[in-house]
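Data file: data00.cif. Format and content: mmCIF, C-alpha atoms.
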data_structure
loop_
_atom_site.group_PDB
_atom_site.id
_atom_site.type_symbol
_atom_site.label_atom_id
_atom_site.label_comp_id
_atom_site.auth_asym_id
_atom_site.auth_seq_id
_atom_site.Cartn_x
_atom_site.Cartn_y
_atom_site.Cartn_z
ATOM 1 C CA ARG A 1325 0.000 0.000 0.000
ATOM 2 C CA ASP A 1326 1.133 3.504 -0.631
ATOM 3 C CA GLU A 1327 2.320 5.852 2.100
ATOM 4 C CA VAL A 1328 -0.764 8.097 1.933
ATOM 5 C CA ALA A 1329 -3.130 5.169 2.564
ATOM 6 C CA LYS A 1330 -0.971 3.910 5.434
ATOM 7 C CA LEU A 1331 -0.933 7.359 7.013
ATOM 8 C CA GLN A 1332 -4.696 7.769 6.589
ATOM 9 C CA ASP A 1333 -5.228 4.432 8.355
ATOM 10 C CA PHE A 1334 -2.888 5.474 11.164
ATOM 11 C CA LEU A 1335 -4.681 8.826 11.632
ATOM 12 C CA GLU A 1336 -8.118 7.206 11.547
ATOM 13 C CA ASN A 1337 -7.041 4.637 14.144
ATOM 14 C CA ARG A 1338 -5.550 7.312 16.413
ATOM 15 C CA GLU A 1339 -7.998 10.197 15.995
ATOM 16 C CA GLY A 1340 -10.987 8.972 13.992
ATOM 17 C CA SER A 1341 -10.063 10.924 10.855
ATOM 18 C CA ALA A 1342 -7.214 12.700 9.147
ATOM 19 C CA LEU A 1343 -9.107 15.979 9.569
ATOM 20 C CA ARG A 1344 -9.351 15.600 13.326
ATOM 21 C CA ALA A 1345 -5.648 14.724 13.524
ATOM 22 C CA TRP A 1346 -4.820 17.708 11.281
ATOM 23 C CA LEU A 1347 -6.686 20.110 13.546
ATOM 24 C CA LYS A 1348 -5.622 18.572 16.835
ATOM 25 C CA HIS A 1349 -1.979 17.657 16.236
ATOM 26 C CA PHE A 1350 -0.599 19.360 13.129
ATOM 27 C CA ASP A 1351 -1.855 22.763 12.004
ATOM 28 C CA SER A 1352 -1.716 24.517 15.365
ATOM 29 C CA ASN A 1353 -1.284 27.980 13.819
ATOM 30 C CA ASN A 1354 -4.114 27.354 11.311
ATOM 31 C CA ASP A 1355 -2.093 28.429 8.276
ATOM 32 C CA GLN A 1356 -3.348 25.436 6.240
ATOM 33 C CA LYS A 1357 0.125 23.904 5.918
ATOM 34 C CA ILE A 1358 2.570 22.098 8.129
ATOM 35 C CA SER A 1359 6.347 22.094 8.195
ATOM 36 C CA PRO A 1360 8.485 19.005 8.721
ATOM 37 C CA THR A 1361 8.864 20.064 12.370
ATOM 38 C CA GLU A 1362 5.085 20.331 12.879
ATOM 39 C CA PHE A 1363 4.600 16.945 11.192
ATOM 40 C CA LEU A 1364 7.291 15.312 13.339
ATOM 41 C CA ARG A 1365 5.810 16.809 16.529
ATOM 42 C CA GLY A 1366 2.279 15.669 15.647
ATOM 43 C CA MET A 1367 3.302 12.150 14.648
ATOM 44 C CA LYS A 1368 5.340 11.742 17.842
ATOM 45 C CA LYS A 1369 2.364 12.916 19.950
ATOM 46 C CA MET A 1370 0.269 10.198 18.320
ATOM 47 C CA GLY A 1371 2.931 7.538 18.909
ATOM 48 C CA TYR A 1372 4.005 6.912 15.330
ATOM 49 C CA ALA A 1373 6.913 4.448 15.332
ATOM 50 C CA GLY A 1374 8.020 4.717 11.690
ATOM 51 C CA ASP A 1375 10.410 7.027 9.871
ATOM 52 C CA VAL A 1376 8.611 10.371 10.004
ATOM 53 C CA ASN A 1377 11.115 12.175 7.771
ATOM 54 C CA ALA A 1378 10.799 9.569 4.995
ATOM 55 C CA LEU A 1379 7.021 9.680 5.310
ATOM 56 C CA PHE A 1380 7.016 13.475 5.039
ATOM 57 C CA THR A 1381 9.147 13.307 1.899
ATOM 58 C CA ALA A 1382 6.854 10.686 0.356
ATOM 59 C CA LEU A 1383 3.758 12.777 1.114
ATOM 60 C CA ASP A 1384 5.182 16.083 -0.113
ATOM 61 C CA ARG A 1385 4.181 15.442 -3.727
ATOM 62 C CA ASP A 1386 4.659 19.058 -4.836
ATOM 63 C CA ARG A 1387 8.083 19.230 -3.124
ATOM 64 C CA SER A 1388 7.158 22.495 -1.412
ATOM 65 C CA GLY A 1389 8.749 21.495 1.885
ATOM 66 C CA GLU A 1390 5.308 21.731 3.529
ATOM 67 C CA LEU A 1391 2.281 19.462 3.678
ATOM 68 C CA SER A 1392 -1.306 20.463 3.129
ATOM 69 C CA LEU A 1393 -4.302 18.474 4.327
ATOM 70 C CA ASP A 1394 -4.993 17.815 0.654
ATOM 71 C CA GLU A 1395 -1.682 15.928 0.379
ATOM 72 C CA ILE A 1396 -2.569 13.823 3.421
ATOM 73 C CA ASP A 1397 -6.257 13.163 2.680
ATOM 74 C CA ALA A 1398 -7.918 14.875 -0.283
ATOM 75 C CA ALA A 1399 -11.417 13.730 0.712
ATOM 76 C CA GLN A 1400 -11.097 15.094 4.259
ATOM 77 C CA SER A 1401 -9.636 18.302 2.844
ATOM 78 C CA ALA A 1402 -12.722 18.694 0.644
ATOM 79 C CA VAL A 1403 -14.994 18.157 3.663
ATOM 80 C CA TRP A 1404 -13.092 20.833 5.607
ATOM 81 C CA ARG A 1405 -13.282 23.318 2.709
ATOM 82 C CA GLN A 1406 -17.003 22.647 2.268
ATOM 83 C CA PHE A 1407 -17.681 23.125 5.978
ATOM 84 C CA LYS A 1408 -15.744 26.393 6.067
ATOM 85 C CA MET A 1409 -17.619 27.724 3.025
ATOM 86 C CA TRP A 1410 -20.956 26.658 4.520
ATOM 87 C CA SER A 1411 -20.043 28.418 7.773
ATOM 88 C CA VAL A 1412 -19.128 31.625 5.948
ATOM 89 C CA ASP A 1413 -22.378 31.492 3.960
ATOM 90 C CA SER A 1414 -24.535 30.660 7.005
ATOM 91 C CA PHE A 1415 -23.220 32.882 9.781
ATOM 92 C CA GLU A 1416 -22.253 36.531 10.171
ATOM 93 C CA SER A 1417 -19.466 35.800 12.661
ATOM 94 C CA LYS A 1418 -18.272 33.206 15.127
ATOM 95 C CA GLU A 1419 -20.466 34.869 17.743
ATOM 96 C CA ASP A 1420 -23.476 34.522 15.417
ATOM 97 C CA MET A 1421 -22.733 30.830 14.932
ATOM 98 C CA ILE A 1422 -22.414 30.217 18.666
ATOM 99 C CA ALA A 1423 -25.604 32.163 19.394
ATOM 100 C CA LYS A 1424 -27.581 30.182 16.814
ATOM 101 C CA LEU A 1425 -26.269 26.860 18.051
ATOM 102 C CA ARG A 1426 -27.000 27.836 21.662
ATOM 103 C CA ALA A 1427 -30.528 28.812 20.633
ATOM 104 C CA VAL A 1428 -31.061 25.319 19.230
ATOM 105 C CA THR A 1429 -29.883 23.801 22.486
ATOM 106 C CA ALA A 1430 -32.095 26.136 24.516
ATOM 107 C CA GLN A 1431 -35.179 25.139 22.489
ATOM 108 C CA SER A 1432 -34.955 21.567 23.747
ATOM 109 C CA PRO A 1433 -37.370 20.669 26.559
ATOM 110 C CA ASN A 1434 -35.453 17.426 27.173
ATOM 111 C CA THR A 1435 -32.470 17.120 29.428
ATOM 112 C CA LYS A 1436 -30.308 15.661 26.669
ATOM 113 C CA PRO A 1437 -28.475 18.276 24.594
ATOM 114 C CA ALA A 1438 -29.824 19.114 21.173
ATOM 115 C CA GLY A 1439 -28.079 17.300 18.411
ATOM 116 C CA THR A 1440 -28.008 13.897 20.068
ATOM 117 C CA ALA A 1441 -29.696 10.957 18.400
ATOM 118 C CA ALA A 1442 -32.455 11.115 21.027
ATOM 119 C CA ASN A 1443 -33.067 14.811 20.459
ATOM 120 C CA PRO A 1444 -31.957 16.080 17.049
ATOM 121 C CA PRO A 1445 -32.401 19.820 16.459
ATOM 122 C CA GLN A 1446 -35.042 20.534 13.851
ATOM 123 C CA GLU A 1447 -34.442 24.185 13.039
ATOM 124 C CA VAL A 1448 -31.815 26.750 13.864
ATOM 125 C CA PRO A 1449 -33.229 30.292 14.133
ATOM 126 C CA GLU A 1450 -33.467 32.313 10.927
ATOM 127 C CA GLY A 1451 -34.208 29.356 8.703
ATOM 128 C CA LEU A 1452 -31.184 27.076 8.937
ATOM 129 C CA SER A 1453 -32.707 23.615 8.862
ATOM 130 C CA LEU A 1454 -31.245 20.401 10.201
ATOM 131 C CA PRO A 1455 -30.762 19.046 6.657
ATOM 132 C CA GLN A 1456 -28.839 22.210 5.695
ATOM 133 C CA PHE A 1457 -26.624 21.774 8.734
ATOM 134 C CA VAL A 1458 -26.005 18.115 8.011
ATOM 135 C CA THR A 1459 -25.246 18.899 4.369
ATOM 136 C CA GLY A 1460 -22.861 21.620 5.475
ATOM 137 C CA ILE A 1461 -20.834 19.331 7.710
ATOM 138 C CA GLN A 1462 -20.692 16.347 5.345
#
Please rewrite the model in this file as structure tokens.
Amino acid sequence: RDEVAKLQDFLENREGSALRAWLKHFDSNNDQKISPTEFLRGMKKMGYAGDVNALFTALDRDRSGELSLDEIDAAQSAVWRQFKMWSVDSFESKEDMIAKLRAVTAQSPNTKPAGTAANPPQEVPEGLSLPQFVTGIQ
């Protein structure tokens, strides 16, 4: 198997997805790229036992000396881009997003938080439906 597939399996086993690993262990400054040092640090934190430098070189297809999420997992990168675009289109600011999500939670008469399988939110204020939200995060 190629190095990208092996890495994707490793990240899924450790963090559930390459995207989660990217956000949690690699791109700490959110500049959408990681240096060899950031990659080494993240892989060590997750307990990777292989040759991190060789893996970095194999993944760096454009030979830029940096990795993007797209080079690690193109599908997860597309999900992340789609979610960010949906967020920009759906909310005025981060405060607006938080307020709308809190409003959904506050609407629930049950003790379980909105968004759980037992109590899915049906509508976010100002017309954002549950299907739109689900589509936005897929």
Expected answer as JSON, numbers by chain: all residues with atoms within 12 Å of (5.7, 10.4, 16.8), only C-alpha atoms = {"A": [1334, 1335, 1338, 1349, 1350, 1361, 1362, 1363, 1364, 1365, 1366, 1367, 1368, 1369, 1370, 1371, 1372, 1373, 1374, 1375, 1376, 1377, 1379]}
In Å, rounded to a single decimal, give me how far CA of Gln1332 (chain A) is from CA of Leu1391 (chain A).
->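 CA of Gln1332 (chain A) lies at a distance of 13.9 Å from CA of Leu1391 (chain A).
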Looking at only C-alpha atoms, which of A:Ser1414, A:Leu1383, A:Glu1327, A:Ser1392 is the one that sits closest to Leu1347 (chain A)?
->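 Ranked by minimum distance to Leu1347 (chain A), first place goes to A:Ser1392.
Put simply, CA of Phe1380 (chain A) is 18.9 Å away from CA of Glu1339 (chain A).
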Set up a box along x, y and z of the file covering all listed atoms of region 1356-1362 of chain A, add 3 Å on every one of the six sides, and write the centre and edge lengths in Å to one decimal, as lines of an AutoDock Vina configuration file.
center_x = 2.8
center_y = 22.2
center_z = 9.4
size_x = 18.2
size_y = 12.4
size_z = 13.0
Got a sec to resolve the PyMOL selection byres ((chain A and resi 1390) around 6) on this structure and send the residues as a short mmCIF file (atom, residue, chain, number, x, y, z; two decimals) with C-alpha atoms, in the frame of the given file?
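Output below, filename out_13.cif:
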data_model
loop_
_atom_site.label_atom_id
_atom_site.label_comp_id
_atom_site.auth_asym_id
_atom_site.auth_seq_id
_atom_site.Cartn_x
_atom_site.Cartn_y
_atom_site.Cartn_z
CA ILE A 1358 2.57 22.10 8.13
CA SER A 1359 6.35 22.09 8.20
CA SER A 1388 7.16 22.50 -1.41
CA GLY A 1389 8.75 21.50 1.88
CA LEU A 1391 2.28 19.46 3.68
#
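The gap separating CA of Ile1422 (chain A) from CA of Lys1348 (chain A) is 20.5 Å, in Å to one decimal.
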Minimum-distance residue to Val1403 (chain A), chosen among A:Arg1344, A:Lys1357, A:Arg1426, A:Lys1330 (using all atoms listed in the file) = A:Arg1344
Slice of the block: region 1374-1409 of chain A, N, CA, C and O atoms, as a CSV table (one decimal), in the first residue's frame:
chain,number,residue,atom,x,y,z
A,1374,GLY,N,7.3,4.8,12.9
A,1374,GLY,CA,8.0,4.7,11.7
A,1374,GLY,C,8.9,5.9,11.5
A,1374,GLY,O,9.1,6.8,12.3
A,1375,ASP,N,9.5,6.0,10.3
A,1375,ASP,CA,10.4,7.0,9.9
A,1375,ASP,C,9.6,8.2,9.4
A,1375,ASP,O,9.1,8.3,8.3
A,1376,VAL,N,9.4,9.2,10.3
A,1376,VAL,CA,8.6,10.4,10.0
A,1376,VAL,C,9.2,11.2,8.9
A,1376,VAL,O,8.5,11.7,8.0
A,1377,ASN,N,10.5,11.4,8.8
A,1377,ASN,CA,11.1,12.2,7.8
A,1377,ASN,C,10.9,11.6,6.4
A,1377,ASN,O,10.6,12.3,5.4
A,1378,ALA,N,11.0,10.2,6.3
A,1378,ALA,CA,10.8,9.6,5.0
A,1378,ALA,C,9.3,9.7,4.6
A,1378,ALA,O,9.0,9.9,3.4
A,1379,LEU,N,8.5,9.6,5.6
A,1379,LEU,CA,7.0,9.7,5.3
A,1379,LEU,C,6.7,11.1,4.8
A,1379,LEU,O,6.0,11.3,3.8
A,1380,PHE,N,7.2,12.1,5.5
A,1380,PHE,CA,7.0,13.5,5.0
A,1380,PHE,C,7.4,13.7,3.6
A,1380,PHE,O,6.7,14.2,2.8
A,1381,THR,N,8.6,13.2,3.3
A,1381,THR,CA,9.1,13.3,1.9
A,1381,THR,C,8.2,12.6,0.9
A,1381,THR,O,8.0,13.1,-0.2
A,1382,ALA,N,7.7,11.4,1.2
A,1382,ALA,CA,6.9,10.7,0.4
A,1382,ALA,C,5.5,11.4,0.2
A,1382,ALA,O,5.0,11.4,-0.9
A,1383,LEU,N,5.0,12.1,1.2
A,1383,LEU,CA,3.8,12.8,1.1
A,1383,LEU,C,3.9,14.1,0.4
A,1383,LEU,O,2.9,14.6,-0.2
A,1384,ASP,N,5.0,14.7,0.5
A,1384,ASP,CA,5.2,16.1,-0.1
A,1384,ASP,C,5.3,16.0,-1.6
A,1384,ASP,O,6.4,16.2,-2.2
A,1385,ARG,N,4.2,15.7,-2.3
A,1385,ARG,CA,4.2,15.4,-3.7
A,1385,ARG,C,4.6,16.7,-4.5
A,1385,ARG,O,5.2,16.5,-5.6
A,1386,ASP,N,4.3,17.9,-4.1
A,1386,ASP,CA,4.7,19.1,-4.8
A,1386,ASP,C,6.1,19.6,-4.5
A,1386,ASP,O,6.5,20.6,-5.0
A,1387,ARG,N,6.7,18.9,-3.6
A,1387,ARG,CA,8.1,19.2,-3.1
A,1387,ARG,C,8.2,20.7,-2.6
A,1387,ARG,O,9.2,21.3,-2.8
A,1388,SER,N,7.2,21.1,-2.0
A,1388,SER,CA,7.2,22.5,-1.4
A,1388,SER,C,7.9,22.6,-0.1
A,1388,SER,O,8.2,23.7,0.4
A,1389,GLY,N,8.1,21.5,0.6
A,1389,GLY,CA,8.7,21.5,1.9
A,1389,GLY,C,7.7,21.7,3.0
A,1389,GLY,O,8.0,21.8,4.1
A,1390,GLU,N,6.4,21.6,2.6
A,1390,GLU,CA,5.3,21.7,3.5
A,1390,GLU,C,4.2,20.7,3.1
A,1390,GLU,O,4.2,20.4,1.9
A,1391,LEU,N,3.4,20.3,4.0
A,1391,LEU,CA,2.3,19.5,3.7
A,1391,LEU,C,1.0,20.2,3.9
A,1391,LEU,O,0.8,21.0,4.8
A,1392,SER,N,0.1,20.0,3.0
A,1392,SER,CA,-1.3,20.5,3.1
A,1392,SER,C,-2.2,19.3,3.5
A,1392,SER,O,-1.8,18.1,3.3
A,1393,LEU,N,-3.4,19.6,4.0
A,1393,LEU,CA,-4.3,18.5,4.3
A,1393,LEU,C,-4.6,17.7,3.0
A,1393,LEU,O,-4.8,16.5,3.1
A,1394,ASP,N,-4.7,18.4,1.9
A,1394,ASP,CA,-5.0,17.8,0.7
A,1394,ASP,C,-4.0,16.7,0.3
A,1394,ASP,O,-4.3,15.7,-0.3
A,1395,GLU,N,-2.7,16.9,0.7
A,1395,GLU,CA,-1.7,15.9,0.4
A,1395,GLU,C,-1.8,14.7,1.3
A,1395,GLU,O,-1.4,13.6,0.9
A,1396,ILE,N,-2.4,14.9,2.5
A,1396,ILE,CA,-2.6,13.8,3.4
A,1396,ILE,C,-3.9,13.1,3.2
A,1396,ILE,O,-3.9,11.8,3.2
A,1397,ASP,N,-5.0,13.8,2.9
A,1397,ASP,CA,-6.3,13.2,2.7
A,1397,ASP,C,-7.1,14.1,1.9
A,1397,ASP,O,-7.8,15.0,2.5
A,1398,ALA,N,-7.2,14.0,0.6
A,1398,ALA,CA,-7.9,14.9,-0.3
A,1398,ALA,C,-9.4,14.9,0.0
A,1398,ALA,O,-10.0,16.0,0.0
A,1399,ALA,N,-10.0,13.8,0.4
A,1399,ALA,CA,-11.4,13.7,0.7
A,1399,ALA,C,-11.7,14.5,2.0
A,1399,ALA,O,-12.7,15.3,2.0
A,1400,GLN,N,-10.9,14.3,3.0
A,1400,GLN,CA,-11.1,15.1,4.3
A,1400,GLN,C,-10.8,16.6,4.0
A,1400,GLN,O,-11.5,17.4,4.6
A,1401,SER,N,-9.9,16.9,3.2
A,1401,SER,CA,-9.6,18.3,2.8
A,1401,SER,C,-10.9,18.9,2.2
A,1401,SER,O,-11.2,20.1,2.5
A,1402,ALA,N,-11.5,18.2,1.3
A,1402,ALA,CA,-12.7,18.7,0.6
A,1402,ALA,C,-13.8,18.9,1.7
A,1402,ALA,O,-14.6,19.9,1.6
A,1403,VAL,N,-14.0,18.0,2.6
A,1403,VAL,CA,-15.0,18.2,3.7
A,1403,VAL,C,-14.7,19.4,4.5
A,1403,VAL,O,-15.6,20.2,4.7
A,1404,TRP,N,-13.5,19.7,4.8
A,1404,TRP,CA,-13.1,20.8,5.6
A,1404,TRP,C,-13.4,22.1,4.8
A,1404,TRP,O,-13.9,23.1,5.4
A,1405,ARG,N,-13.0,22.1,3.5
A,1405,ARG,CA,-13.3,23.3,2.7
A,1405,ARG,C,-14.8,23.6,2.6
A,1405,ARG,O,-15.2,24.7,2.7
A,1406,GLN,N,-15.6,22.5,2.4
A,1406,GLN,CA,-17.0,22.6,2.3
A,1406,GLN,C,-17.6,23.2,3.6
A,1406,GLN,O,-18.5,24.1,3.5
A,1407,PHE,N,-17.2,22.7,4.7
A,1407,PHE,CA,-17.7,23.1,6.0
A,1407,PHE,C,-17.4,24.6,6.2
A,1407,PHE,O,-18.2,25.4,6.6
A,1408,LYS,N,-16.1,25.0,5.9
A,1408,LYS,CA,-15.7,26.4,6.1
A,1408,LYS,C,-16.6,27.3,5.2
A,1408,LYS,O,-17.0,28.4,5.6
A,1409,MET,N,-16.8,26.9,3.9
A,1409,MET,CA,-17.6,27.7,3.0
A,1409,MET,C,-19.1,27.8,3.5
A,1409,MET,O,-19.7,28.8,3.5
